[in-house]
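Okay, my_file_32.pdb is below, PDB, C-alpha atoms:
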MODEL        1
ATOM      1  CA  MET A   1      36.908 -94.633 191.203
ATOM      2  CA  ALA A   2      35.004 -91.822 192.883
ATOM      3  CA  THR A   3      33.751 -88.800 191.014
ATOM      4  CA  ILE A   4      34.016 -85.569 192.962
ATOM      5  CA  THR A   5      33.886 -81.953 191.866
ATOM      6  CA  LEU A   6      36.153 -78.923 191.907
ATOM      7  CA  GLY A   7      34.107 -75.770 191.514
ATOM      8  CA  GLY A   8      31.247 -77.899 190.216
ATOM      9  CA  ASN A   9      33.399 -79.516 187.517
ATOM     10  CA  PRO A  10      33.763 -83.315 187.750
ATOM     11  CA  VAL A  11      37.140 -84.860 188.555
ATOM     12  CA  SER A  12      38.004 -88.469 189.355
ATOM     13  CA  THR A  13      40.009 -90.234 192.010
ATOM     14  CA  SER A  14      42.190 -93.305 191.603
ATOM     15  CA  GLY A  15      39.733 -95.501 193.502
ATOM     16  CA  ASN A  16      37.313 -95.543 196.383
ATOM     17  CA  LEU A  17      37.963 -95.021 200.062
ATOM     18  CA  PRO A  18      38.296 -98.186 202.158
ATOM     19  CA  GLU A  19      35.120 -99.903 203.333
ATOM     20  CA  LYS A  20      33.951 -99.433 206.903
ATOM     21  CA  GLY A  21      34.964-102.485 208.952
ATOM     22  CA  THR A  22      38.125-103.232 206.950
ATOM     23  CA  SER A  23      41.634-102.914 208.324
ATOM     24  CA  ALA A  24      43.483 -99.677 207.678
ATOM     25  CA  LYS A  25      46.232-100.140 205.113
ATOM     26  CA  PRO A  26      49.772 -99.699 206.398
ATOM     27  CA  PHE A  27      51.495 -96.500 205.332
ATOM     28  CA  THR A  28      54.793 -94.683 205.580
ATOM     29  CA  LEU A  29      54.637 -90.892 205.434
ATOM     30  CA  ARG A  30      57.094 -88.100 206.195
ATOM     31  CA  LYS A  31      56.981 -85.907 209.284
ATOM     32  CA  THR A  32      58.009 -82.259 209.196
ATOM     33  CA  ASP A  33      61.568 -83.232 210.241
ATOM     34  CA  LEU A  34      61.695 -85.702 207.289
ATOM     35  CA  SER A  35      61.656 -88.747 209.548
ATOM     36  CA  THR A  36      59.028 -91.369 208.767
ATOM     37  CA  ALA A  37      55.740 -92.127 210.460
ATOM     38  CA  THR A  38      53.892 -95.387 209.960
ATOM     39  CA  LEU A  39      50.424 -96.580 210.864
ATOM     40  CA  SER A  40      51.966 -98.857 213.499
ATOM     41  CA  ASP A  41      53.463 -95.787 215.245
ATOM     42  CA  PHE A  42      49.910 -94.972 216.355
ATOM     43  CA  SER A  43      48.973 -98.501 217.433
ATOM     44  CA  GLY A  44      46.457 -98.592 220.281
ATOM     45  CA  LYS A  45      45.175 -95.084 219.546
ATOM     46  CA  LYS A  46      42.093 -93.867 217.723
ATOM     47  CA  ILE A  47      43.031 -92.010 214.566
ATOM     48  CA  ILE A  48      41.337 -89.383 212.467
ATOM     49  CA  MET A  49      43.024 -88.913 209.116
ATOM     50  CA  ASN A  50      42.189 -85.452 207.768
ATOM     51  CA  ILE A  51      43.275 -85.716 204.130
ATOM     52  CA  PHE A  52      43.316 -82.770 201.733
ATOM     53  CA  PRO A  53      44.985 -81.365 198.583
ATOM     54  CA  SER A  54      47.212 -78.609 200.054
ATOM     55  CA  ILE A  55      47.614 -76.916 203.407
ATOM     56  CA  ASP A  56      48.072 -73.604 201.576
ATOM     57  CA  THR A  57      44.437 -73.364 200.465
ATOM     58  CA  GLY A  58      41.608 -71.836 202.467
ATOM     59  CA  THR A  59      39.463 -74.910 203.048
ATOM     60  CA  CYS A  60      42.423 -77.180 203.769
ATOM     61  CA  ALA A  61      43.848 -74.705 206.257
ATOM     62  CA  ALA A  62      40.422 -74.353 207.902
ATOM     63  CA  SER A  63      40.184 -78.118 208.412
ATOM     64  CA  VAL A  64      43.627 -78.259 210.041
ATOM     65  CA  ARG A  65      42.710 -75.354 212.348
ATOM     66  CA  GLU A  66      39.357 -76.952 213.264
ATOM     67  CA  PHE A  67      40.879 -80.325 214.078
ATOM     68  CA  ASN A  68      43.662 -78.628 216.042
ATOM     69  CA  LYS A  69      40.969 -77.016 218.240
ATOM     70  CA  ARG A  70      39.144 -80.294 218.760
ATOM     71  CA  ALA A  71      42.088 -82.700 219.050
ATOM     72  CA  SER A  72      43.001 -81.796 222.633
ATOM     73  CA  GLU A  73      39.492 -82.812 223.753
ATOM     74  CA  LEU A  74      39.664 -86.299 222.194
ATOM     75  CA  ASP A  75      40.669 -89.164 224.472
ATOM     76  CA  ASN A  76      43.400 -91.524 223.216
ATOM     77  CA  THR A  77      43.117 -90.004 219.737
ATOM     78  CA  VAL A  78      45.558 -88.546 217.233
ATOM     79  CA  VAL A  79      44.593 -86.373 214.288
ATOM     80  CA  LEU A  80      46.814 -86.862 211.262
ATOM     81  CA  CYS A  81      46.631 -84.098 208.661
ATOM     82  CA  ILE A  82      47.861 -85.653 205.429
ATOM     83  CA  SER A  83      48.644 -84.014 202.096
ATOM     84  CA  ARG A  84      51.208 -84.081 199.286
ATOM     85  CA  ASP A  85      52.657 -80.777 200.520
ATOM     86  CA  LEU A  86      56.348 -80.723 201.277
ATOM     87  CA  PRO A  87      56.988 -81.273 204.993
ATOM     88  CA  PHE A  88      58.610 -77.817 205.124
ATOM     89  CA  ALA A  89      55.356 -76.162 203.991
ATOM     90  CA  GLN A  90      53.394 -78.122 206.601
ATOM     91  CA  GLN A  91      55.860 -77.096 209.309
ATOM     92  CA  ARG A  92      55.790 -73.447 208.221
ATOM     93  CA  PHE A  93      51.989 -73.334 208.263
ATOM     94  CA  CYS A  94      51.566 -75.021 211.647
ATOM     95  CA  GLY A  95      54.377 -72.968 213.177
ATOM     96  CA  ALA A  96      52.929 -69.678 211.952
ATOM     97  CA  GLU A  97      49.467 -70.675 213.164
ATOM     98  CA  GLY A  98      50.629 -72.121 216.498
ATOM     99  CA  LEU A  99      49.018 -75.484 215.743
ATOM    100  CA  ASP A 100      50.442 -78.294 217.850
ATOM    101  CA  ASN A 101      47.529 -80.633 218.603
ATOM    102  CA  VAL A 102      47.599 -82.287 215.162
ATOM    103  CA  ILE A 103      50.344 -84.184 213.354
ATOM    104  CA  THR A 104      51.027 -83.164 209.763
ATOM    105  CA  LEU A 105      52.302 -85.899 207.480
ATOM    106  CA  SER A 106      53.397 -85.694 203.878
ATOM    107  CA  ASP A 107      52.906 -88.126 201.005
ATOM    108  CA  PHE A 108      55.236 -86.075 198.778
ATOM    109  CA  TYR A 109      57.793 -88.807 198.243
ATOM    110  CA  ASP A 110      55.867 -91.240 196.059
ATOM    111  CA  GLY A 111      52.144 -90.630 196.567
ATOM    112  CA  LYS A 112      51.706 -94.257 197.660
ATOM    113  CA  PHE A 113      49.338 -93.355 200.490
ATOM    114  CA  GLY A 114      46.967 -91.568 198.087
ATOM    115  CA  LYS A 115      47.034 -94.482 195.668
ATOM    116  CA  ASP A 116      46.598 -97.128 198.399
ATOM    117  CA  TYR A 117      43.627 -95.300 199.908
ATOM    118  CA  GLY A 118      42.048 -94.566 196.498
ATOM    119  CA  LEU A 119      42.046 -90.804 196.922
ATOM    120  CA  GLU A 120      44.601 -89.543 194.434
ATOM    121  CA  ILE A 121      42.975 -87.109 192.002
ATOM    122  CA  THR A 122      43.603 -88.413 188.483
ATOM    123  CA  ASP A 123      42.434 -85.552 186.257
ATOM    124  CA  GLY A 124      41.737 -81.828 186.226
ATOM    125  CA  LYS A 125      43.781 -79.006 187.721
ATOM    126  CA  LEU A 126      44.539 -80.925 190.921
ATOM    127  CA  ALA A 127      45.688 -84.174 189.268
ATOM    128  CA  GLY A 128      48.246 -85.854 191.522
ATOM    129  CA  PHE A 129      46.958 -84.227 194.705
ATOM    130  CA  HIS A 130      44.802 -85.974 197.298
ATOM    131  CA  SER A 131      41.055 -85.501 197.394
ATOM    132  CA  ARG A 132      39.462 -84.137 200.568
ATOM    133  CA  ALA A 133      38.513 -87.042 202.814
ATOM    134  CA  LEU A 134      38.197 -88.107 206.437
ATOM    135  CA  ILE A 135      38.974 -91.600 207.654
ATOM    136  CA  ALA A 136      38.506 -92.631 211.289
ATOM    137  CA  ILE A 137      40.234 -95.720 212.643
ATOM    138  CA  ASP A 138      39.624 -97.436 215.976
ATOM    139  CA  GLU A 139      42.295 -98.635 218.431
ATOM    140  CA  LYS A 140      42.422-102.041 216.712
ATOM    141  CA  GLY A 141      43.165-100.564 213.288
ATOM    142  CA  SER A 142      39.692-100.967 211.788
ATOM    143  CA  ILE A 143      38.087 -98.301 209.632
ATOM    144  CA  ILE A 144      35.023 -96.986 211.466
ATOM    145  CA  HIS A 145      34.183 -93.937 209.328
ATOM    146  CA  CYS A 146      34.982 -92.635 205.848
ATOM    147  CA  GLU A 147      33.909 -89.490 204.091
ATOM    148  CA  GLN A 148      34.880 -88.608 200.539
ATOM    149  CA  VAL A 149      33.958 -84.910 200.371
ATOM    150  CA  ALA A 150      31.967 -84.533 197.145
ATOM    151  CA  GLU A 151      33.037 -80.931 196.388
ATOM    152  CA  ILE A 152      36.731 -80.303 197.043
ATOM    153  CA  ALA A 153      36.068 -76.710 198.127
ATOM    154  CA  ASN A 154      33.726 -77.853 200.945
ATOM    155  CA  GLU A 155      34.822 -78.651 204.478
ATOM    156  CA  PRO A 156      34.409 -82.215 205.746
ATOM    157  CA  ASP A 157      31.835 -83.300 208.329
ATOM    158  CA  TYR A 158      33.934 -82.956 211.472
ATOM    159  CA  GLU A 159      31.142 -84.099 213.787
ATOM    160  CA  ALA A 160      30.553 -87.364 211.913
ATOM    161  CA  ALA A 161      34.219 -88.348 212.173
ATOM    162  CA  ILE A 162      34.475 -87.440 215.844
ATOM    163  CA  SER A 163      31.174 -89.128 216.682
ATOM    164  CA  ALA A 164      32.394 -92.342 215.050
ATOM    165  CA  LEU A 165      35.170 -92.555 217.643
TER     166      LEU A 165
ENDMDL
END

Rewrite the structure of this file - the entire thing - as structure tokens.
Amino acid sequence: MATITLGGNPVSTSGNLPEKGTSAKPFTLRKTDLSTATLSDFSGKKIIMNIFPSIDTGTCAASVREFNKRASELDNTVVLCISRDLPFAQQRFCGAEGLDNVITLSDFYDGKFGKDYGLEITDGKLAGFHSRALIAIDEKGSIIHCEQVAEIANEPDYEAAISAL
């Protein structure tokens, strides 16, 4: 379990992020059209998973915008923006913002992704949401970078994730 903070107050997650060098765990998430997306759908590509509590908060929205700017410059790479938001909220946000270089995916159905990756918040105001984290995966499906952002209100280290690719 990781201890992170929300406004300086400690909160816990359901586990720890995967270890660097391990295989990414398979997942099934929902796209904005309610179809499913799995890890194997992105086989052979580098992946940055930008994980956050809700797209409708300032820091979360900023991270989606920042990765949308950078994604078009990344070779053979997809950026997956993952939250527990309903797919409709993700679609509304990206449509209103004109963001089309990232893929938003939802873990609303059962929260399995958050549990499997050890990033579900287990207490405090955001219990049940995902913590803010970045996970980078190489073309072979191995974890090459993880960042559990210590303070939920802070943005992740974009450069570290991109440099790991």

List the neighbours of segment 64-79 of chain A out to 9 Å using all atoms listed in the file; skip same-chain residues closer than 4 positions along the sequence, and give me the result as an MDAnalysis selection string. chainID A and resid 42 44:50 55 59:60 94 97 99:104 139 158 162 165

Residues within 12 Å of Arg30 of chain A, please, as number ranges by chain. Count only C-alpha atoms; anything in the same chain fewer than 2 positions from it doesn't count. A: 27-28, 32-39, 80-88, 90-91, 103-113

Explicit residue set for the PyMOL selection byres ((chain A and resi 144) around 8), as a VMD selection string: chain A and resid 20 to 21 135 to 138 142 to 143 145 to 146 164 to 165

Around (35.6, -83.9, 207.7) in the file's own coordinates, what residues are found within 7 Å if you use only C-alpha atoms, given back as a PyMOL selection string? chain A and resi 50+133-134+147+155-158+161

Give me the residues within 12 Å of Asp116 of chain A as a VMD selection string, counting all atoms listed in the file and dropping any in the same chain fewer than 6 places off. chain A and resid 13 to 18 24 to 28 107 110 130

File dump, residues just selected, C-alpha atoms, as a JSON list (two decimals), keeping the file's coordinate frame:
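See again33.json below for the written result:
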[["chain", "number", "residue", "atom", "x", "y", "z"],
["A", 13, "THR", "CA", 40.01, -90.23, 192.01],
["A", 14, "SER", "CA", 42.19, -93.30, 191.60],
["A", 15, "GLY", "CA", 39.73, -95.50, 193.50],
["A", 16, "ASN", "CA", 37.31, -95.54, 196.38],
["A", 17, "LEU", "CA", 37.96, -95.02, 200.06],
["A", 18, "PRO", "CA", 38.30, -98.19, 202.16],
["A", 24, "ALA", "CA", 43.48, -99.68, 207.68],
["A", 25, "LYS", "CA", 46.23, -100.14, 205.11],
["A", 26, "PRO", "CA", 49.77, -99.70, 206.40],
["A", 27, "PHE", "CA", 51.50, -96.50, 205.33],
["A", 28, "THR", "CA", 54.79, -94.68, 205.58],
["A", 107, "ASP", "CA", 52.91, -88.13, 201.00],
["A", 110, "ASP", "CA", 55.87, -91.24, 196.06],
["A", 130, "HIS", "CA", 44.80, -85.97, 197.30]]

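Once the PyMOL selection byres ((chain A and resi 124) around 9) is applied to the shown structure, the selection contains A:Leu6, A:Asn9, A:Pro10, A:Val11, A:Ser12, A:Ile121, A:Thr122, A:Asp123, A:Lys125, A:Leu126, A:Ala127.
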
In Å, with one decimal, what is the gap from atom CA of Val149 of chain A to atom CA of Asp56 of chain A?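 Pair atom CA of Val149 of chain A / atom CA of Asp56 of chain A returns 18.1 Å.
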
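Take the candidates A:Lys140, A:Glu159, A:Gly114, A:Leu119 and check each one against Ile4 of chain A using all atoms listed in the file; the shortest distance goes to A:Leu119.
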
When you count only C-alpha atoms, which of these residues is closest to Gly141 of chain A: A:Ser63, A:Asn154, A:Ser54, A:Thr22?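 Selected residue with least distance to Gly141 of chain A: A:Thr22.
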
Mind giving me the straight-line distance from atom CA of Lys31 of chain A to atom CA of Arg92 of chain A in Å, one decimal?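 Going from atom CA of Lys31 of chain A over to atom CA of Arg92 of chain A covers 12.6 Å.
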
Between atom CA of Gly58 of chain A and atom CA of Glu19 of chain A - distance in Å to one decimal: 28.8 Å

Choose the residue, out of A:Ala89, A:Ile51, A:Ile152, A:Ser40, that has the smallest atom-to-atom separation from Gly118 of chain A; count only C-alpha atoms.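 Closest residue, counting only C-alpha atoms: A:Ile51.
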
Using all atoms listed in the file, pick whichever of A:Ala153, A:Lys115, A:Met1, A:Ser131 has the shortest atom-to-atom distance to Thr57 of chain A.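 Closest to Thr57 of chain A, using all atoms listed in the file: A:Ala153.
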
Using all atoms listed in the file, the residue out of A:Phe52, A:Ser23, A:Ala160, A:Glu151 with shortest distance to Glu120 of chain A is A:Phe52

Could you rebuild segment 29-51 of chain A with N, CA, C and O atoms and give it back as a compact mmCIF listing (two decimals), in the coordinates of the input?
# COMPACT_ATOMS: atom_id res chain seq x y z
N LEU A 29 54.71 -92.30 205.84
CA LEU A 29 54.64 -90.89 205.43
C LEU A 29 55.77 -90.13 206.09
O LEU A 29 56.41 -90.64 207.02
N ARG A 30 56.01 -88.91 205.64
CA ARG A 30 57.09 -88.10 206.20
C ARG A 30 56.57 -87.06 207.17
O ARG A 30 55.59 -86.38 206.90
N LYS A 31 57.26 -86.95 208.30
CA LYS A 31 56.98 -85.91 209.28
C LYS A 31 57.67 -84.62 208.84
O LYS A 31 58.45 -84.61 207.89
N THR A 32 57.42 -83.55 209.57
CA THR A 32 58.01 -82.26 209.20
C THR A 32 59.53 -82.24 209.33
O THR A 32 60.19 -81.43 208.70
N ASP A 33 60.11 -83.15 210.12
CA ASP A 33 61.57 -83.23 210.24
C ASP A 33 62.17 -84.25 209.26
O ASP A 33 63.33 -84.59 209.36
N LEU A 34 61.34 -84.74 208.33
CA LEU A 34 61.70 -85.70 207.29
C LEU A 34 61.88 -87.13 207.78
O LEU A 34 62.20 -88.03 207.01
N SER A 35 61.67 -87.37 209.07
CA SER A 35 61.66 -88.75 209.55
C SER A 35 60.34 -89.38 209.08
O SER A 35 59.45 -88.69 208.59
N THR A 36 60.24 -90.69 209.24
CA THR A 36 59.03 -91.37 208.77
C THR A 36 58.06 -91.64 209.92
O THR A 36 58.45 -91.76 211.07
N ALA A 37 56.81 -91.72 209.54
CA ALA A 37 55.74 -92.13 210.46
C ALA A 37 54.97 -93.24 209.76
O ALA A 37 54.72 -93.16 208.55
N THR A 38 54.64 -94.27 210.51
CA THR A 38 53.89 -95.39 209.96
C THR A 38 52.59 -95.57 210.74
O THR A 38 52.45 -95.05 211.86
N LEU A 39 51.68 -96.30 210.16
CA LEU A 39 50.42 -96.58 210.86
C LEU A 39 50.71 -97.24 212.20
O LEU A 39 50.09 -96.90 213.22
N SER A 40 51.67 -98.15 212.24
CA SER A 40 51.97 -98.86 213.50
C SER A 40 52.49 -97.93 214.59
O SER A 40 52.39 -98.26 215.78
N ASP A 41 53.01 -96.76 214.24
CA ASP A 41 53.46 -95.79 215.24
C ASP A 41 52.31 -95.32 216.13
O ASP A 41 52.54 -94.83 217.24
N PHE A 42 51.09 -95.45 215.63
CA PHE A 42 49.91 -94.97 216.36
C PHE A 42 49.06 -96.13 216.89
O PHE A 42 47.90 -95.94 217.24
N SER A 43 49.66 -97.29 216.96
CA SER A 43 48.97 -98.50 217.43
C SER A 43 48.37 -98.27 218.82
O SER A 43 49.00 -97.68 219.69
N GLY A 44 47.14 -98.73 219.00
CA GLY A 44 46.46 -98.59 220.28
C GLY A 44 45.75 -97.26 220.46
O GLY A 44 45.11 -97.03 221.48
N LYS A 45 45.85 -96.39 219.49
CA LYS A 45 45.18 -95.08 219.55
C LYS A 45 44.07 -95.03 218.49
O LYS A 45 44.14 -95.70 217.48
N LYS A 46 43.08 -94.19 218.75
CA LYS A 46 42.09 -93.87 217.72
C LYS A 46 42.74 -92.82 216.82
O LYS A 46 43.52 -91.98 217.29
N ILE A 47 42.40 -92.90 215.54
CA ILE A 47 43.03 -92.01 214.57
C ILE A 47 41.96 -91.36 213.70
O ILE A 47 41.05 -92.04 213.23
N ILE A 48 42.10 -90.07 213.51
CA ILE A 48 41.34 -89.38 212.47
C ILE A 48 42.37 -88.93 211.44
O ILE A 48 43.31 -88.22 211.78
N MET A 49 42.17 -89.38 210.20
CA MET A 49 43.02 -88.91 209.12
C MET A 49 42.25 -87.83 208.37
O MET A 49 41.22 -88.10 207.75
N ASN A 50 42.74 -86.61 208.47
CA ASN A 50 42.19 -85.45 207.77
C ASN A 50 43.05 -85.28 206.52
O ASN A 50 44.19 -84.83 206.60
N ILE A 51 42.51 -85.67 205.37
CA ILE A 51 43.28 -85.72 204.13
C ILE A 51 42.78 -84.61 203.21
O ILE A 51 41.57 -84.39 203.10
